[in-house]
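Enquirer: Here's a structure for you.
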Amino acid sequence: MVRPGGDTPYMNITRRFLLAAGLAFAAAGCGRRDAGNTLTIKGSDTMVILGQRWAEAYMKAHPGLVIQVTGGGSGTGIAALINGGTDVCQASRPMKPEEFAQVKERRGAEAKEIPVALDGIALYVHESSALRSLTLDQVKGIFQARITDWKALGAGAGAIVPYGRENSSGTYAYFKEHVLKNEDFAASIQSLPGTAAVVNAVAKDPRAIGYGGIAYAKGVRAVKISAGKGRPALEPTKELVTSGKYPISRKLYFYVAGEPQGAAADFIAWVRSAEGQQVCAEVGYFPLPPAAARKAARSKG
């Protein structure tokens with residue numbers, strides 16, 4: 001149960017997870033974990049709230065299991081998977097071929113890529129902003145500092161203040177690849193450690209713009225995005241993200257080393273079930289299409 005009061009539900013959930021993890025640590029002694037009743041999940045900050053909600057719901061039905069969920073960024077989670085520091089990695093971008101190779105080299109097993117949810121990357125602006133839509137070229141111009149004043153976008157006048165993610169973030173990597181076309185961000189972009197921090201900054205500054213998962217768009221407004229001049233400007237809705245019509249739609253992933261076993265296999269199967277996918281909608285992300293949820297995980301060498 002989440003205690004009413006001044007704290008947010010996610011703060012209370014986080015405390016619960018830290019307490020559970022501490023108890024598991026003490027019971028195991030000397031830092032060793034009992035693999036039969038403890039499951040670690042690490043990685044994407046975009047996915048951390050979703051992972052916590054999945055874990056909370058699953059632990060209620062499996063009281064003997066402790067699931068520890070932490071963020072740090074997709075890159076951090078992938079590094080932990082390579083080094084054996086987590087059972088499951090959460091990532092908001094696909095792993096790279098060299099990362100698959102490192103998992104095989106270090107862990108002696110193929111990395112398994114398991115889609116678990118869908119997301120639309122939103123461009124956040126202040127609720128008072130006059131901006132209603134952007135093309136991907138305009139977004140690229142903003143984050144490469146070629147468009148620096150709102151008047152160039154027909155949204156009043158004043159300096160644009162762009163916020164982004166740190167380079168360990170899967171959202172940073174996805175945005176760089178799919179929006180900036182693998183070109184560099186401007187040095188002037190203010191990088192923040194987590195999507196929640198980006199949203200908080202944008203919510204406080206009418207000049208600001210930032211990007212991140214649609215589930216975090218609370219207290220800000222997500223502008224419509226067009227794939228190009230003359231193309232329709234679209235919102236990151238369930239229908240448009242699921243169909244792939246929204247220009248910056250993506251999958252969210254679990255990665256494991258080798259075939260999932262024991263508690264990890266059971267938990268992953270539940271996450272991809274109808275019950276687990278319903279949690280996506282409750283958090284603000286989008287469930288996988290039924291056909292995709294039924295597909296087996298795939299591996300890469």
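A note on labels: chains of the structure tokens are A, B, ... as shown, every chain counts residues from 1, and ligands are counted from 1 in their shown order.
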Which residues come within 7 Å of region 67-78 of chain A, counting only C-alpha atoms, excluding same-chain residues fewer than 6 positions away, as a PDB file with N, CA and C atoms, in the first residue's frame?

Expert:
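Saved the output as part_15.pdb:
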```pdb
ATOM      1  N   PHE A  17      11.586  -0.630  -2.205  1.00  0.00           N
ATOM      2  CA  PHE A  17      12.557  -1.437  -2.936  1.00  0.00           C
ATOM      3  C   PHE A  17      13.913  -1.396  -2.255  1.00  0.00           C
ATOM      4  N   ALA A  21      15.760  -4.591  -0.750  1.00  0.00           N
ATOM      5  CA  ALA A  21      17.103  -4.945  -1.201  1.00  0.00           C
ATOM      6  C   ALA A  21      18.056  -5.049  -0.023  1.00  0.00           C
ATOM      7  N   THR A  38      15.848 -13.717  -5.204  1.00  0.00           N
ATOM      8  CA  THR A  38      16.200 -12.321  -5.447  1.00  0.00           C
ATOM      9  C   THR A  38      16.445 -12.118  -6.934  1.00  0.00           C
ATOM     10  N   LEU A  39      15.878 -11.053  -7.479  1.00  0.00           N
ATOM     11  CA  LEU A  39      16.033 -10.733  -8.890  1.00  0.00           C
ATOM     12  C   LEU A  39      16.433  -9.270  -9.001  1.00  0.00           C
ATOM     13  N   THR A  40      17.533  -8.983  -9.718  1.00  0.00           N
ATOM     14  CA  THR A  40      17.982  -7.602  -9.894  1.00  0.00           C
ATOM     15  C   THR A  40      17.685  -7.134 -11.314  1.00  0.00           C
ATOM     16  N   ILE A  41      17.189  -5.903 -11.417  1.00  0.00           N
ATOM     17  CA  ILE A  41      16.856  -5.281 -12.700  1.00  0.00           C
ATOM     18  C   ILE A  41      17.484  -3.897 -12.691  1.00  0.00           C
ATOM     19  N   LYS A  42      18.285  -3.587 -13.723  1.00  0.00           N
ATOM     20  CA  LYS A  42      19.018  -2.317 -13.729  1.00  0.00           C
ATOM     21  C   LYS A  42      19.057  -1.749 -15.132  1.00  0.00           C
ATOM     22  N   GLY A  43      19.048  -0.411 -15.229  1.00  0.00           N
ATOM     23  CA  GLY A  43      19.243   0.204 -16.531  1.00  0.00           C
ATOM     24  C   GLY A  43      18.465   1.481 -16.746  1.00  0.00           C
ATOM     25  N   SER A  44      17.668   1.503 -17.796  1.00  0.00           N
ATOM     26  CA  SER A  44      17.016   2.691 -18.324  1.00  0.00           C
ATOM     27  C   SER A  44      16.290   3.515 -17.266  1.00  0.00           C
ATOM     28  N   ASP A  45      16.616   4.812 -17.201  1.00  0.00           N
ATOM     29  CA  ASP A  45      15.856   5.712 -16.332  1.00  0.00           C
ATOM     30  C   ASP A  45      14.447   5.932 -16.873  1.00  0.00           C
ATOM     31  N   VAL A  48      12.486   3.036 -15.401  1.00  0.00           N
ATOM     32  CA  VAL A  48      12.615   2.653 -13.995  1.00  0.00           C
ATOM     33  C   VAL A  48      11.268   2.635 -13.277  1.00  0.00           C
ATOM     34  N   GLY A  51       9.455  -0.442 -14.503  1.00  0.00           N
ATOM     35  CA  GLY A  51      10.031  -1.629 -13.882  1.00  0.00           C
ATOM     36  C   GLY A  51       9.626  -1.779 -12.432  1.00  0.00           C
ATOM     37  N   GLN A  52       9.579  -0.685 -11.707  1.00  0.00           N
ATOM     38  CA  GLN A  52       9.169  -0.726 -10.302  1.00  0.00           C
ATOM     39  C   GLN A  52       7.709  -1.142 -10.168  1.00  0.00           C
ATOM     40  N   ALA A  55       7.472  -4.809 -10.862  1.00  0.00           N
ATOM     41  CA  ALA A  55       8.021  -5.572  -9.744  1.00  0.00           C
ATOM     42  C   ALA A  55       7.090  -5.539  -8.537  1.00  0.00           C
ATOM     43  N   CYS A  89      18.633  -6.470 -17.674  1.00  0.00           N
ATOM     44  CA  CYS A  89      18.908  -5.085 -18.048  1.00  0.00           C
ATOM     45  C   CYS A  89      17.666  -4.488 -18.684  1.00  0.00           C
ATOM     46  N   GLN A  90      17.306  -3.290 -18.259  1.00  0.00           N
ATOM     47  CA  GLN A  90      16.254  -2.526 -18.937  1.00  0.00           C
ATOM     48  C   GLN A  90      16.929  -1.525 -19.859  1.00  0.00           C
ATOM     49  N   ALA A  91      16.469  -1.445 -21.116  1.00  0.00           N
ATOM     50  CA  ALA A  91      17.099  -0.538 -22.076  1.00  0.00           C
ATOM     51  C   ALA A  91      16.042   0.101 -22.956  1.00  0.00           C
ATOM     52  N   SER A  92      16.182   1.397 -23.165  1.00  0.00           N
ATOM     53  CA  SER A  92      15.259   2.129 -24.034  1.00  0.00           C
ATOM     54  C   SER A  92      15.836   2.290 -25.439  1.00  0.00           C
ATOM     55  N   SER A 168      24.910   8.390 -21.240  1.00  0.00           N
ATOM     56  CA  SER A 168      24.691   6.986 -20.871  1.00  0.00           C
ATOM     57  C   SER A 168      23.231   6.569 -21.064  1.00  0.00           C
ATOM     58  N   SER A 169      22.394   7.529 -21.412  1.00  0.00           N
ATOM     59  CA  SER A 169      20.955   7.295 -21.553  1.00  0.00           C
ATOM     60  C   SER A 169      20.619   6.659 -22.896  1.00  0.00           C
ATOM     61  N   GLY A 170      19.742   5.660 -22.874  1.00  0.00           N
ATOM     62  CA  GLY A 170      19.259   5.083 -24.117  1.00  0.00           C
ATOM     63  C   GLY A 170      18.431   6.066 -24.914  1.00  0.00           C
TER      64      GLY A 170
END
```

Enquirer: Would you mind listing what lies within 8 Å of Ala227 (chain A) as a list in words, with only C-alpha atoms counted and same-chain residues fewer than 5 positions away left out?

Expert: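 Result of the neighbour search: Thr135, Leu136, Pro232, Ala233 and Pro247 of chain A.
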
Enquirer: Using only C-alpha atoms, please write the residues we just selected to a file, as a PDB file, in the first residue's frame.

Expert:
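Writing done, so here's part-v2.pdb:
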```pdb
ATOM      1  CA  THR A 135       9.098  18.927 -37.907  1.00  0.00           C
ATOM      2  CA  LEU A 136      11.955  16.542 -37.191  1.00  0.00           C
ATOM      3  CA  PRO A 232       0.963  15.573 -40.841  1.00  0.00           C
ATOM      4  CA  ALA A 233       1.969  16.583 -37.326  1.00  0.00           C
ATOM      5  CA  PRO A 247       7.832   9.590 -36.189  1.00  0.00           C
TER       6      PRO A 247
END
```

Enquirer: Taking the backbone alone, and naming residues the way the document does, which bits of region 39-118 of chain A are helix (DSSP H, G or I) by DSSP, as number ranges by chain?

Expert: A: 48-61, 74-83, 97-107

Enquirer: For a test of reading the model, state the distance in Å between CA of Gly141 (chain A) and CA of Gly154 (chain A), rounded to one decimal.

Expert: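 One can read the CA of Gly141 (chain A) to CA of Gly154 (chain A) distance as 14.6 Å.
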
Enquirer: State, in Å with one decimal place, the distance from CA of Arg132 (chain A) to CA of Trp150 (chain A).

Expert: 12.0 Å

Enquirer: Tell me which protein, DNA and RNA residues are within 7 Å of Leu234 (chain A), counting only C-alpha atoms, leaving out same-chain ones fewer than 5 positions away, and put them as a PyMOL selection string.

Expert: chain A and resi 224-226+246

Enquirer: So that I have them on file, write out the residues from the current selection with C-alpha atoms, as a PDB file, in the first residue's frame.

Expert:
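After the write, result.pdb holds the following:
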```pdb
ATOM      1  CA  LYS A 224       2.929  17.329 -32.274  1.00  0.00           C
ATOM      2  CA  ILE A 225       5.748  16.014 -34.448  1.00  0.00           C
ATOM      3  CA  SER A 226       5.873  15.844 -38.248  1.00  0.00           C
ATOM      4  CA  TYR A 246       4.370   8.608 -34.887  1.00  0.00           C
TER       5      TYR A 246
END
```
